[in-house]
$ cat upload-v3.cif   # mmCIF, C-alpha atoms and all ligand atoms
data_protein
loop_
_atom_site.label_atom_id
_atom_site.label_comp_id
_atom_site.auth_asym_id
_atom_site.auth_seq_id
_atom_site.Cartn_x
_atom_site.Cartn_y
_atom_site.Cartn_z
CA MET S 1 -35.14 -0.36 6.73
CA VAL S 2 -32.57 1.33 4.52
CA HIS S 3 -29.31 2.29 6.21
CA ARG S 4 -27.78 5.73 6.11
CA ASN S 5 -24.55 6.10 4.15
CA PRO S 6 -22.06 5.89 7.04
CA CYS S 7 -19.83 8.50 5.35
CA ILE S 8 -22.48 11.14 5.98
CA ALA S 9 -22.14 10.62 9.70
CA ASN S 10 -18.44 11.37 9.38
CA ILE S 11 -18.91 14.93 8.09
CA LYS S 12 -18.46 17.50 10.79
CA THR S 13 -21.86 18.60 12.03
CA ALA S 14 -21.88 22.38 11.74
CA TYR S 15 -20.87 23.52 8.31
CA LEU S 16 -19.10 26.86 8.55
CA PHE S 17 -21.54 29.24 6.89
CA PRO S 18 -24.74 27.96 8.51
CA GLU S 19 -23.00 28.39 11.86
CA ILE S 20 -22.02 31.97 10.99
CA ALA S 21 -25.61 32.67 9.93
CA ARG S 22 -26.84 31.21 13.22
CA ARG S 23 -24.54 33.49 15.21
CA ARG S 24 -25.68 36.45 13.14
CA ARG S 25 -29.33 35.68 13.95
CA GLU S 26 -28.43 35.38 17.61
CA TYR S 27 -26.73 38.80 17.53
CA GLU S 28 -29.67 40.38 15.69
CA ALA S 29 -32.12 38.96 18.22
CA ALA S 30 -30.09 40.52 21.03
CA HIS S 31 -29.63 43.85 19.17
CA PRO S 32 -32.87 44.52 17.27
CA GLY S 33 -32.43 46.96 14.38
CA ALA S 34 -28.61 46.81 14.41
CA LYS S 35 -27.08 47.02 10.93
CA ILE S 36 -24.57 44.27 10.33
CA ILE S 37 -22.24 44.49 7.34
CA SER S 38 -21.06 41.21 5.92
CA LEU S 39 -17.47 40.69 4.89
CA GLY S 40 -18.11 37.02 5.57
CA VAL S 41 -19.26 34.82 2.73
CA GLY S 42 -17.60 34.71 -0.69
CA ASN S 43 -20.80 35.52 -2.55
CA THR S 44 -20.79 38.11 -5.34
CA THR S 45 -22.88 41.27 -4.87
CA GLU S 46 -22.51 43.35 -8.03
CA PRO S 47 -24.72 43.01 -11.13
CA VAL S 48 -23.54 41.21 -14.24
CA PHE S 49 -22.19 43.76 -16.74
CA PRO S 50 -24.27 44.60 -19.87
CA HIS S 51 -22.50 42.61 -22.60
CA ILE S 52 -22.56 39.37 -20.62
CA GLY S 53 -25.99 40.13 -19.14
CA GLY S 54 -27.35 40.80 -22.64
CA ALA S 55 -26.12 37.40 -23.80
CA LEU S 56 -27.83 35.70 -20.85
CA SER S 57 -31.08 37.46 -21.76
CA ALA S 58 -30.70 36.53 -25.41
CA GLY S 59 -30.00 32.93 -24.36
CA ALA S 60 -33.27 32.87 -22.40
CA LEU S 61 -35.27 34.48 -25.21
CA ALA S 62 -33.90 32.00 -27.73
CA LEU S 63 -35.73 29.29 -25.81
CA ALA S 64 -39.04 31.08 -26.39
CA ALA S 65 -38.89 30.91 -30.20
CA LEU S 66 -39.46 27.87 -32.40
CA GLU S 67 -36.48 28.63 -34.67
CA THR S 68 -33.95 28.99 -31.86
CA TYR S 69 -35.24 26.61 -29.19
CA THR S 70 -32.75 24.01 -27.92
CA GLY S 71 -33.27 21.14 -25.49
CA TYR S 72 -30.58 18.94 -24.00
CA GLY S 73 -27.12 19.78 -25.24
CA ASP S 74 -23.93 17.73 -25.14
CA GLU S 75 -23.16 16.62 -21.58
CA GLN S 76 -19.62 17.93 -22.02
CA GLY S 77 -20.88 21.41 -22.95
CA LEU S 78 -21.22 23.46 -26.12
CA THR S 79 -18.36 22.76 -28.51
CA ALA S 80 -18.06 26.51 -29.16
CA LEU S 81 -17.59 27.21 -25.45
CA ARG S 82 -15.09 24.39 -24.97
CA GLU S 83 -13.12 25.72 -27.92
CA LYS S 84 -13.26 29.27 -26.68
CA ILE S 85 -12.07 28.35 -23.18
CA ALA S 86 -9.18 26.35 -24.65
CA ALA S 87 -8.20 29.19 -27.01
CA VAL S 88 -8.86 32.31 -24.92
CA LEU S 89 -8.07 31.19 -21.38
CA TYR S 90 -5.52 28.43 -22.02
CA LYS S 91 -4.03 29.90 -25.21
CA GLY S 92 -4.05 26.46 -26.79
CA MET S 93 -2.12 24.83 -23.91
CA ILE S 94 -4.95 22.35 -23.70
CA ALA S 95 -7.38 21.02 -26.33
CA ALA S 96 -11.12 21.69 -26.49
CA ASP S 97 -11.94 18.02 -25.81
CA GLU S 98 -10.02 18.27 -22.55
CA VAL S 99 -12.45 20.99 -21.33
CA PHE S 100 -15.72 19.84 -19.75
CA ILE S 101 -18.34 22.51 -19.07
CA SER S 102 -20.16 22.19 -15.76
CA ASP S 103 -22.63 23.87 -13.46
CA GLY S 104 -19.79 25.14 -11.26
CA ALA S 105 -16.48 24.28 -9.69
CA LYS S 106 -17.96 23.08 -6.41
CA CYS S 107 -20.22 20.56 -8.12
CA ASP S 108 -17.29 19.36 -10.22
CA ILE S 109 -15.07 18.91 -7.17
CA GLY S 110 -17.75 16.59 -5.76
CA ARG S 111 -18.22 14.67 -9.00
CA LEU S 112 -14.48 14.39 -9.74
CA GLN S 113 -14.10 12.36 -6.56
CA LEU S 114 -16.16 9.62 -8.21
CA LEU S 115 -13.19 9.01 -10.51
CA PHE S 116 -11.06 7.80 -7.62
CA GLY S 117 -13.60 6.49 -5.12
CA ALA S 118 -13.07 5.59 -1.51
CA GLY S 119 -9.67 3.99 -1.92
CA THR S 120 -7.64 7.10 -2.70
CA GLY S 121 -6.38 9.31 0.13
CA ALA S 122 -6.30 13.08 -0.08
CA ALA S 123 -3.95 15.89 0.92
CA VAL S 124 -5.27 19.43 1.35
CA GLN S 125 -3.76 22.81 1.93
CA ASP S 126 -4.54 23.83 5.48
CA PRO S 127 -6.44 26.15 5.52
CA SER S 128 -8.55 25.39 2.46
CA TYR S 129 -12.01 25.62 0.88
CA PRO S 130 -14.06 23.17 3.02
CA VAL S 131 -15.48 21.23 0.07
CA TYR S 132 -12.19 19.36 -0.52
CA VAL S 133 -12.31 17.79 2.93
CA ASP S 134 -16.06 17.33 3.22
CA GLY S 135 -16.29 15.88 -0.30
CA SER S 136 -13.48 13.44 0.51
CA VAL S 137 -15.30 12.36 3.65
CA LEU S 138 -18.57 11.89 1.75
CA ILE S 139 -17.02 9.64 -0.87
CA GLY S 140 -15.22 7.69 1.85
CA ALA S 141 -11.71 8.69 0.73
CA ALA S 142 -11.25 10.19 4.15
CA GLY S 143 -12.50 7.94 6.92
CA GLY S 144 -13.95 8.69 10.33
CA PRO S 145 -12.63 11.54 12.45
CA ILE S 146 -9.53 10.57 14.42
CA GLN S 147 -9.30 13.64 16.60
CA ARG S 148 -10.89 17.01 17.07
CA ALA S 149 -8.31 19.62 16.18
CA GLY S 150 -10.43 22.67 16.97
CA ALA S 151 -14.06 23.66 17.10
CA ASP S 152 -14.62 23.18 13.38
CA SER S 153 -11.68 21.21 12.12
CA ALA S 154 -11.56 17.48 12.29
CA ALA S 155 -8.65 15.28 11.32
CA TYR S 156 -9.67 12.24 9.31
CA ARG S 157 -8.09 8.91 8.46
CA GLY S 158 -6.77 9.07 4.91
CA LEU S 159 -6.57 12.86 4.92
CA THR S 160 -3.31 14.78 5.18
CA TYR S 161 -3.29 18.45 6.10
CA LEU S 162 -0.56 20.55 4.50
CA PRO S 163 -0.18 23.53 6.85
CA CYS S 164 0.20 26.92 5.16
CA ALA S 165 1.04 29.79 7.51
CA ALA S 166 3.22 32.87 7.79
CA GLU S 167 6.21 30.67 8.80
CA ASN S 168 6.27 28.93 5.40
CA ASN S 169 5.02 31.86 3.35
CA TYR S 170 1.67 30.09 2.93
CA PHE S 171 3.20 27.37 0.79
CA PRO S 172 3.20 23.85 2.27
CA ASP S 173 6.04 21.46 2.96
CA LEU S 174 5.64 19.17 -0.07
CA ASP S 175 7.43 16.32 1.71
CA LEU S 176 4.20 15.82 3.68
CA ILE S 177 2.34 14.70 0.55
CA PRO S 178 1.79 10.93 0.74
CA PRO S 179 2.25 8.77 -2.36
CA ASP S 180 -0.64 7.88 -4.68
CA CYS S 181 -3.10 10.44 -3.34
CA LEU S 182 -5.16 13.39 -4.56
CA VAL S 183 -3.67 16.78 -3.73
CA TYR S 184 -6.21 19.60 -3.52
CA PHE S 185 -4.48 22.87 -4.24
CA CYS S 186 -6.10 26.26 -4.68
CA SER S 187 -4.28 29.32 -6.02
CA PRO S 188 -5.09 32.16 -5.45
CA ASN S 189 -6.12 30.46 -2.28
CA ASN S 190 -9.41 30.62 -0.51
CA PRO S 191 -9.19 31.60 2.36
CA THR S 192 -5.66 33.05 2.61
CA GLY S 193 -5.80 35.03 -0.63
CA VAL S 194 -2.20 34.00 -1.34
CA ALA S 195 -1.26 33.05 -4.92
CA SER S 196 1.59 30.61 -5.44
CA ASP S 197 4.39 31.59 -7.80
CA ARG S 198 5.80 29.69 -10.74
CA LYS S 199 8.67 28.12 -8.80
CA GLN S 200 6.34 26.90 -6.07
CA LEU S 201 3.89 25.37 -8.55
CA ALA S 202 6.75 23.74 -10.43
CA ALA S 203 7.82 22.13 -7.15
CA LEU S 204 4.22 21.01 -6.55
CA VAL S 205 4.02 19.39 -9.98
CA GLU S 206 7.38 17.69 -9.46
CA ALA S 207 6.26 16.40 -6.05
CA ALA S 208 2.99 15.04 -7.46
CA ARG S 209 4.74 13.34 -10.36
CA GLY S 210 7.39 11.86 -8.09
CA ARG S 211 4.72 10.39 -5.82
CA GLY S 212 2.27 9.17 -8.44
CA SER S 213 -0.27 11.64 -7.05
CA ILE S 214 -2.87 13.72 -8.91
CA ILE S 215 -3.36 17.43 -8.25
CA ILE S 216 -6.90 18.83 -8.27
CA PHE S 217 -5.99 22.44 -8.99
CA ASP S 218 -8.69 24.97 -8.17
CA SER S 219 -8.15 28.23 -10.04
CA ALA S 220 -11.58 29.75 -9.35
CA TYR S 221 -9.91 33.07 -8.48
CA CYS S 222 -7.34 33.25 -11.29
CA GLU S 223 -9.00 36.31 -12.86
CA TYR S 224 -8.00 38.26 -9.74
CA ILE S 225 -4.30 37.79 -10.43
CA ARG S 226 -2.71 41.12 -11.26
CA ASP S 227 0.97 40.23 -10.87
CA PRO S 228 1.90 39.08 -14.40
CA ARG S 229 4.59 36.75 -13.02
CA LEU S 230 2.02 34.57 -11.24
CA PRO S 231 0.61 31.54 -13.11
CA ARG S 232 -3.16 31.55 -13.70
CA SER S 233 -3.30 27.88 -14.56
CA ILE S 234 -1.40 24.80 -13.44
CA TYR S 235 -0.86 23.98 -17.13
CA GLU S 236 1.59 26.88 -17.37
CA ILE S 237 3.88 24.50 -15.50
CA GLU S 238 5.70 21.89 -17.54
CA GLY S 239 4.62 18.35 -16.79
CA ALA S 240 1.27 19.36 -15.24
CA LYS S 241 -0.79 17.70 -17.97
CA SER S 242 0.28 14.30 -16.80
CA CYS S 243 -0.56 14.92 -13.13
CA ALA S 244 -3.24 17.60 -12.77
CA ILE S 245 -6.92 18.27 -13.25
CA GLU S 246 -7.98 21.91 -13.11
CA VAL S 247 -11.37 23.21 -11.98
CA ASN S 248 -12.51 26.74 -12.69
CA SER S 249 -15.65 28.82 -12.82
CA PHE S 250 -17.37 31.96 -14.09
CA SER S 251 -18.74 32.55 -10.57
CA LYS S 252 -16.22 34.98 -9.18
CA SER S 253 -14.97 36.42 -12.47
CA ALA S 254 -18.25 37.21 -14.27
CA GLY S 255 -20.57 37.27 -11.24
CA PHE S 256 -22.16 33.92 -12.15
CA THR S 257 -22.49 32.58 -8.60
CA GLY S 258 -26.25 32.23 -9.14
CA VAL S 259 -26.10 31.53 -12.87
CA ARG S 260 -23.95 28.40 -12.30
CA LEU S 261 -21.28 27.81 -14.92
CA GLY S 262 -17.81 26.36 -14.59
CA TRP S 263 -15.52 23.85 -16.19
CA SER S 264 -12.93 21.18 -15.52
CA VAL S 265 -9.87 20.42 -17.58
CA VAL S 266 -8.98 16.73 -17.66
CA PRO S 267 -5.94 16.28 -19.92
CA LYS S 268 -5.64 13.24 -22.13
CA ASP S 269 -2.10 12.70 -20.81
CA LEU S 270 -3.48 12.01 -17.36
CA LYS S 271 -3.53 8.30 -16.56
CA TYR S 272 -4.45 6.11 -13.61
CA ALA S 273 -1.91 3.72 -12.12
CA SER S 274 -3.38 1.10 -14.51
CA GLY S 275 -2.55 3.29 -17.52
CA GLU S 276 -6.21 3.90 -18.33
CA SER S 277 -7.39 7.36 -19.37
CA VAL S 278 -8.86 9.66 -16.72
CA ASN S 279 -10.26 11.86 -19.51
CA ALA S 280 -12.29 8.95 -20.93
CA ASP S 281 -13.74 8.15 -17.51
CA TRP S 282 -14.61 11.77 -16.84
CA ASN S 283 -16.40 11.88 -20.18
CA ARG S 284 -18.33 8.82 -19.07
CA ILE S 285 -19.21 10.28 -15.67
CA CYS S 286 -20.42 13.54 -17.25
CA ALA S 287 -22.64 11.57 -19.63
CA THR S 288 -23.92 9.27 -16.88
CA ILE S 289 -24.82 11.52 -13.95
CA PHE S 290 -24.56 15.05 -15.33
CA ASN S 291 -26.76 16.22 -18.14
CA GLY S 292 -24.84 19.32 -19.19
CA ALA S 293 -24.79 22.94 -18.05
CA SER S 294 -27.72 25.26 -18.73
CA ASN S 295 -27.84 26.50 -22.31
CA ILE S 296 -28.68 30.02 -21.04
CA ALA S 297 -25.61 30.03 -18.78
CA GLN S 298 -23.43 28.82 -21.63
CA ALA S 299 -24.65 31.67 -23.84
CA GLY S 300 -23.45 34.01 -21.11
CA GLY S 301 -20.14 32.14 -20.86
CA LEU S 302 -19.51 32.56 -24.59
CA ALA S 303 -20.07 36.32 -24.29
CA ALA S 304 -17.81 36.50 -21.22
CA LEU S 305 -14.90 35.34 -23.37
CA ASP S 306 -15.41 37.93 -26.13
CA ASP S 307 -13.15 40.98 -26.02
CA GLU S 308 -16.04 42.96 -24.52
CA GLY S 309 -16.78 40.23 -21.99
CA LEU S 310 -13.15 39.98 -20.93
CA LYS S 311 -13.15 43.75 -20.35
CA GLU S 312 -16.21 43.32 -18.15
CA ILE S 313 -14.51 40.52 -16.19
CA ARG S 314 -11.55 42.81 -15.67
CA ALA S 315 -13.79 45.66 -14.49
CA LEU S 316 -15.73 43.43 -12.08
CA THR S 317 -12.63 41.85 -10.57
CA ASP S 318 -10.95 45.30 -10.36
CA PHE S 319 -13.95 46.50 -8.38
CA TYR S 320 -13.68 43.70 -5.81
CA LEU S 321 -9.90 44.11 -5.66
CA GLY S 322 -10.57 47.78 -4.83
CA ASN S 323 -12.67 46.59 -1.88
CA ALA S 324 -9.92 44.20 -0.83
CA LYS S 325 -7.40 47.04 -0.82
CA LEU S 326 -9.63 49.09 1.50
CA ILE S 327 -9.98 46.15 3.90
CA ARG S 328 -6.24 45.45 3.89
CA GLU S 329 -5.40 49.08 4.54
CA ALA S 330 -7.94 49.33 7.38
CA LEU S 331 -6.44 46.26 9.05
CA ARG S 332 -2.85 47.37 8.57
CA HIS S 333 -3.78 50.77 10.03
CA LEU S 334 -4.81 48.89 13.16
CA GLY S 335 -1.50 47.02 13.22
CA ILE S 336 -3.17 43.70 12.34
CA SER S 337 -0.91 41.67 10.07
CA CYS S 338 -2.61 40.29 6.99
CA VAL S 339 -1.94 38.73 3.58
CA GLY S 340 -3.95 38.39 0.38
CA GLY S 341 -6.23 40.92 -1.24
CA ASP S 342 -3.78 41.95 -3.95
CA ASN S 343 -4.29 39.01 -6.33
CA SER S 344 -7.47 37.69 -4.75
CA PRO S 345 -10.70 38.89 -3.18
CA TYR S 346 -9.81 37.56 0.29
CA VAL S 347 -7.77 39.16 3.06
CA TRP S 348 -6.43 36.80 5.73
CA ALA S 349 -5.72 38.47 9.06
CA HIS S 350 -3.60 36.95 11.79
CA PHE S 351 -4.51 37.26 15.49
CA PRO S 352 -1.67 35.37 17.22
CA GLY S 353 -2.66 33.58 20.40
CA ARG S 354 -6.40 34.11 19.85
CA GLU S 355 -9.12 31.62 18.86
CA SER S 356 -10.74 32.66 15.59
CA TRP S 357 -14.35 32.17 16.77
CA ASP S 358 -13.58 34.53 19.70
CA VAL S 359 -12.14 37.12 17.33
CA PHE S 360 -15.15 36.64 15.04
CA SER S 361 -17.46 37.39 17.99
CA GLU S 362 -15.42 40.41 19.04
CA ILE S 363 -15.56 41.86 15.52
CA LEU S 364 -19.31 41.26 15.40
CA GLU S 365 -19.90 42.81 18.84
CA LYS S 366 -17.61 45.83 18.52
CA CYS S 367 -17.82 46.56 14.78
CA ARG S 368 -21.06 44.92 13.66
CA VAL S 369 -19.05 43.34 10.87
CA LEU S 370 -19.44 39.70 9.87
CA SER S 371 -16.20 37.91 9.04
CA THR S 372 -15.28 34.22 8.70
CA PRO S 373 -13.37 32.42 11.46
CA GLY S 374 -10.23 30.79 10.12
CA ALA S 375 -10.84 27.60 12.16
CA GLY S 376 -13.59 26.72 9.69
CA PHE S 377 -11.01 26.27 6.94
CA GLY S 378 -8.71 23.89 8.78
CA PRO S 379 -6.63 23.60 11.95
CA ALA S 380 -3.98 26.06 10.72
CA GLY S 381 -6.63 28.78 10.49
CA ARG S 382 -7.49 28.72 14.18
CA ASP S 383 -5.88 32.12 14.92
CA CYS S 384 -6.91 33.83 11.67
CA ILE S 385 -9.93 35.61 10.22
CA ARG S 386 -10.97 35.78 6.57
CA PHE S 387 -12.41 39.02 5.24
CA SER S 388 -14.21 38.80 1.91
CA ALA S 389 -14.11 41.70 -0.55
CA PHE S 390 -17.47 40.76 -2.05
CA GLY S 391 -19.70 43.69 -1.07
CA HIS S 392 -21.08 47.02 -2.22
CA ARG S 393 -18.45 49.76 -2.02
CA ALA S 394 -20.40 51.88 0.48
CA ASP S 395 -20.83 48.87 2.79
CA VAL S 396 -17.17 47.96 2.60
CA GLU S 397 -16.18 51.55 3.37
CA GLU S 398 -18.54 51.59 6.33
CA ALA S 399 -17.22 48.23 7.53
CA CYS S 400 -13.65 49.53 7.32
CA THR S 401 -14.58 52.53 9.47
CA GLN S 402 -16.32 50.23 11.94
CA LEU S 403 -13.24 47.99 12.15
CA GLY S 404 -11.56 50.99 13.80
CA ASN S 405 -13.52 49.99 16.94
CA LEU S 406 -11.09 47.10 17.37
CA LYS S 407 -8.41 49.54 18.57
N1 LIG O 501 -13.54 26.93 -5.51
C1 LIG O 501 -13.26 27.83 -4.57
C2 LIG O 501 -11.87 27.93 -4.05
C3 LIG O 501 -14.25 28.66 -4.04
O1 LIG O 501 -13.96 29.53 -3.09
C4 LIG O 501 -15.57 28.53 -4.54
C5 LIG O 501 -16.66 29.36 -4.02
O2 LIG O 501 -16.57 30.08 -3.08
C6 LIG O 501 -15.81 27.59 -5.52
C7 LIG O 501 -14.78 26.80 -5.98
C8 LIG O 501 -17.20 27.37 -6.02
O3 LIG O 501 -17.33 27.76 -7.33
P1 LIG O 501 -18.70 27.54 -8.11
O4 LIG O 501 -19.59 28.71 -7.78
O5 LIG O 501 -18.29 27.53 -9.52
O6 LIG O 501 -19.31 26.27 -7.67
#
$ encode --input "upload-v3.cif" --output "structure tokens"
Amino acid sequence: MVHRNPCIANIKTAYLFPEIARRRREYEAAHPGAKIISLGVGNTTEPVFPHIGGALSAGALALAALETYTGYGDEQGLTALREKIAAVLYKGMIAADEVFISDGAKCDIGRLQLLFGAGTGAAVQDPSYPVYVDGSVLIGAAGGPIQRAGADSAAYRGLTYLPCAAENNYFPDLDLIPPDCLVYFCSPNNPTGVASDRKQLAALVEAARGRGSIIIFDSAYCEYIRDPRLPRSIYEIEGAKSCAIEVNSFSKSAGFTGVRLGWSVVPKDLKYASGESVNADWNRICATIFNGASNIAQAGGLAALDDEGLKEIRALTDFYLGNAKLIREALRHLGISCVGGDNSPYVWAHFPGRESWDVFSEILEKCRVLSTPGAGFGPAGRDCIRFSAFGHRADVEEACTQLGNLK
């Protein structure tokens, strides 16, 4: 008989969103016909705008004609798209051959872990996007659970939580970062919605360099940044090219959650302890177990970075930021303290002394609104709730009215 990968047994059993869906079904069974509005998952709801949508259609049609048909492309992505990302989004801070096109940031986070294997520990912002922890557990970088720190948050051998809460302005104590590890850092952060400033990211880069650690910087929400003083990329910080990989995506900026298109930047300056090139290995991994992003998706990505496409990205992210503002104002009106929502599509609300799953249930019962319990993002989220701004405007307005029932 073939044995199960023991790392799989180490992943916590109930992944956050299936558990939320289960509780929703339970509520619906008990309240037939009740309308529930979701401010829960971070899934986009609005259609792709016409310029980008037109390019996706044209990309699909090109496959149906002999003259324009294309099969497999380069595993690293279309050269034109790599060049455009380097020029338009990174303003030449990085080179086109440091950009690797992918089928999304989440998939890349999983594959990037193959570069370092089971021997490299990880540090994560707490709370954080669950994939950093679960991916580390799957690859064996984080070992078996060593304690249960809440209903959904396990502590693991080899994994260091970096608490981010109101007390430290949602920026972690960098002294907690162990040497020679991977540091997962997301700004603007999912779930807190807080974006780190230049000084904070400079301190992060300095800490990583001082410890021989590598930052996996997730900037999936950078297009939501409106404060011009806030960095959109870790490479705006001096020294980052020798200690950071960046993952990013068209999912939340262009509405490509279902299209699937992202990229990773692996600078040529980035080296392992042995001095070997991380970029060369990533190139190898992409060619070995990834066969390139969809050519249709990449046609859409090229259009998204035209002047017209960038305007559409701005309009789409403005729309969701408008939702976030409504949610924030509704919560503040109720005296609930919250952060985020101004440079990100997430609002993080604090319920001191309460357990987040209890608050989640109360919001569902009293307001018929689905939220996300903070405990699912790490131990530091146990008294917080995440509200997502991804929704139709009328639904968000209705949800905000319904939240008034929390009074
Ligand atoms: N990174 C963060 C922080 C996210 O919140 C998400 C999705 O919610 C992703 C990455 C996933 O991006 P993609 O759709 O490109 O896989």
$ residues_near_ligand --input "upload-v3.cif" --ligand "ligand LIG 501 (chain O)" --cutoff "7 Å" --atoms "only C-alpha atoms and all ligand atoms" --output "PyMOL selection string"
chain S and resi 42-43+103-107+129+186+189-190+218+220+248-251+257+260-262
$ closest_residue --input "upload-v3.cif" --among "S:Ala60, S:Leu39, S:Val347, S:Leu331" --to "S:Asp395" --atoms "all atoms listed in the file"
S:Leu39
$ atom_distance --input "upload-v3.cif" --atom1 "atom CA of S:Ile36" --atom2 "atom CA of S:Leu334"
20.5 Å
$ residues_around --input "upload-v3.cif" --residues "S:Arg386" --least-positions-apart "2" --cutoff "8 Å" --atoms "only C-alpha atoms" --output "list in words"
Gly40, Pro191, Thr192, Tyr346, Val347, Trp348, Ala349, Ser371, Thr372, Pro373, Gly374, Cys384 and Ser388 of chain S
$ closest_residue --input "upload-v3.cif" --among "S:Glu206, S:Glu46, S:Asp126, S:Asp134" --to "S:Ile109" --atoms "all atoms listed in the file"
S:Asp134
$ closest_residue --input "upload-v3.cif" --among "S:Gln125, S:Thr288, S:Asn323, S:Ser242" --to "S:Ile177" --atoms "all atoms listed in the file"
S:Gln125
$ atom_distance --input "upload-v3.cif" --atom1 "atom CA of S:Tyr184" --atom2 "atom CA of S:Phe387"
22.2 Å
$ residues_near_point --input "upload-v3.cif" --point "(-13.8, 52.0, 9.2)" --cutoff "12 Å" --atoms "all atoms listed in the file" --output "VMD selection string"
chain S and resid 37 326 to 334 366 to 369 394 to 407
$ atom_distance --input "upload-v3.cif" --atom1 "atom CA of S:Ala324" --atom2 "atom CA of S:Lys252"
13.9 Å
$ closest_residue --input "upload-v3.cif" --among "S:Ser213, S:Ser253, S:Ser264, S:Gln76" --to "S:Ile313" --atoms "only C-alpha atoms"
S:Ser253
$ closest_residue --input "upload-v3.cif" --among "S:Arg111, S:Lys12, S:Arg4, S:Arg211" --to "S:Asn283" --atoms "only C-alpha atoms"
S:Arg111
$ closest_residue --input "upload-v3.cif" --among "S:His51, S:Arg314, S:Lys241, S:His392" --to "S:Cys222" --atoms "only C-alpha atoms"
S:Arg314
$ residues_around --input "upload-v3.cif" --residues "stretch 232-237 of chain S" --least-positions-apart "5" --cutoff "10 Å" --atoms "only C-alpha atoms" --output "ChimeraX atom specification"
/S:89-90,93-94,185,187-188,195-199,201-206,215-226,242-248,265,267
$ residues_near_point --input "upload-v3.cif" --point "(2.0, 23.4, 10.0)" --cutoff "12 Å" --atoms "all atoms listed in the file" --output "MDAnalysis selection string"
chainID S and resid 124:127 160:174 176 378:382
$ decode --input "upload-v3.cif" --residues "stretch 36-40 of chain S" --atoms "all heavy atoms" --output "PDB file, in the first residue's frame"
ATOM      1  N   ILE S  36     -29.338  36.018   2.693  1.00  0.00           N
ATOM      2  CA  ILE S  36     -28.072  36.287   3.384  1.00  0.00           C
ATOM      3  C   ILE S  36     -27.183  37.080   2.436  1.00  0.00           C
ATOM      4  O   ILE S  36     -27.048  36.724   1.264  1.00  0.00           O
ATOM      5  CB  ILE S  36     -27.367  34.967   3.769  1.00  0.00           C
ATOM      6  CG1 ILE S  36     -28.215  34.216   4.792  1.00  0.00           C
ATOM      7  CG2 ILE S  36     -25.973  35.222   4.321  1.00  0.00           C
ATOM      8  CD1 ILE S  36     -27.717  32.820   5.061  1.00  0.00           C
ATOM      9  N   ILE S  37     -26.581  38.151   2.930  1.00  0.00           N
ATOM     10  CA  ILE S  37     -25.663  38.925   2.092  1.00  0.00           C
ATOM     11  C   ILE S  37     -24.242  38.593   2.526  1.00  0.00           C
ATOM     12  O   ILE S  37     -23.928  38.610   3.722  1.00  0.00           O
ATOM     13  CB  ILE S  37     -25.909  40.436   2.230  1.00  0.00           C
ATOM     14  CG1 ILE S  37     -27.362  40.746   1.844  1.00  0.00           C
ATOM     15  CG2 ILE S  37     -24.945  41.222   1.346  1.00  0.00           C
ATOM     16  CD1 ILE S  37     -27.777  42.166   2.101  1.00  0.00           C
ATOM     17  N   SER S  38     -23.406  38.299   1.556  1.00  0.00           N
ATOM     18  CA  SER S  38     -22.042  37.908   1.902  1.00  0.00           C
ATOM     19  C   SER S  38     -21.062  39.075   1.836  1.00  0.00           C
ATOM     20  O   SER S  38     -20.887  39.686   0.790  1.00  0.00           O
ATOM     21  CB  SER S  38     -21.565  36.787   0.969  1.00  0.00           C
ATOM     22  OG  SER S  38     -20.209  36.497   1.288  1.00  0.00           O
ATOM     23  N   LEU S  39     -20.470  39.373   2.975  1.00  0.00           N
ATOM     24  CA  LEU S  39     -19.289  40.240   3.016  1.00  0.00           C
ATOM     25  C   LEU S  39     -18.147  39.357   3.516  1.00  0.00           C
ATOM     26  O   LEU S  39     -17.273  39.792   4.254  1.00  0.00           O
ATOM     27  CB  LEU S  39     -19.498  41.430   3.949  1.00  0.00           C
ATOM     28  CG  LEU S  39     -20.685  42.369   3.649  1.00  0.00           C
ATOM     29  CD1 LEU S  39     -20.736  43.511   4.662  1.00  0.00           C
ATOM     30  CD2 LEU S  39     -20.584  42.937   2.243  1.00  0.00           C
ATOM     31  N   GLY S  40     -18.220  38.093   3.133  1.00  0.00           N
ATOM     32  CA  GLY S  40     -17.294  37.097   3.673  1.00  0.00           C
ATOM     33  C   GLY S  40     -16.079  36.869   2.796  1.00  0.00           C
ATOM     34  O   GLY S  40     -15.003  37.395   3.060  1.00  0.00           O
TER      35      GLY S  40
END
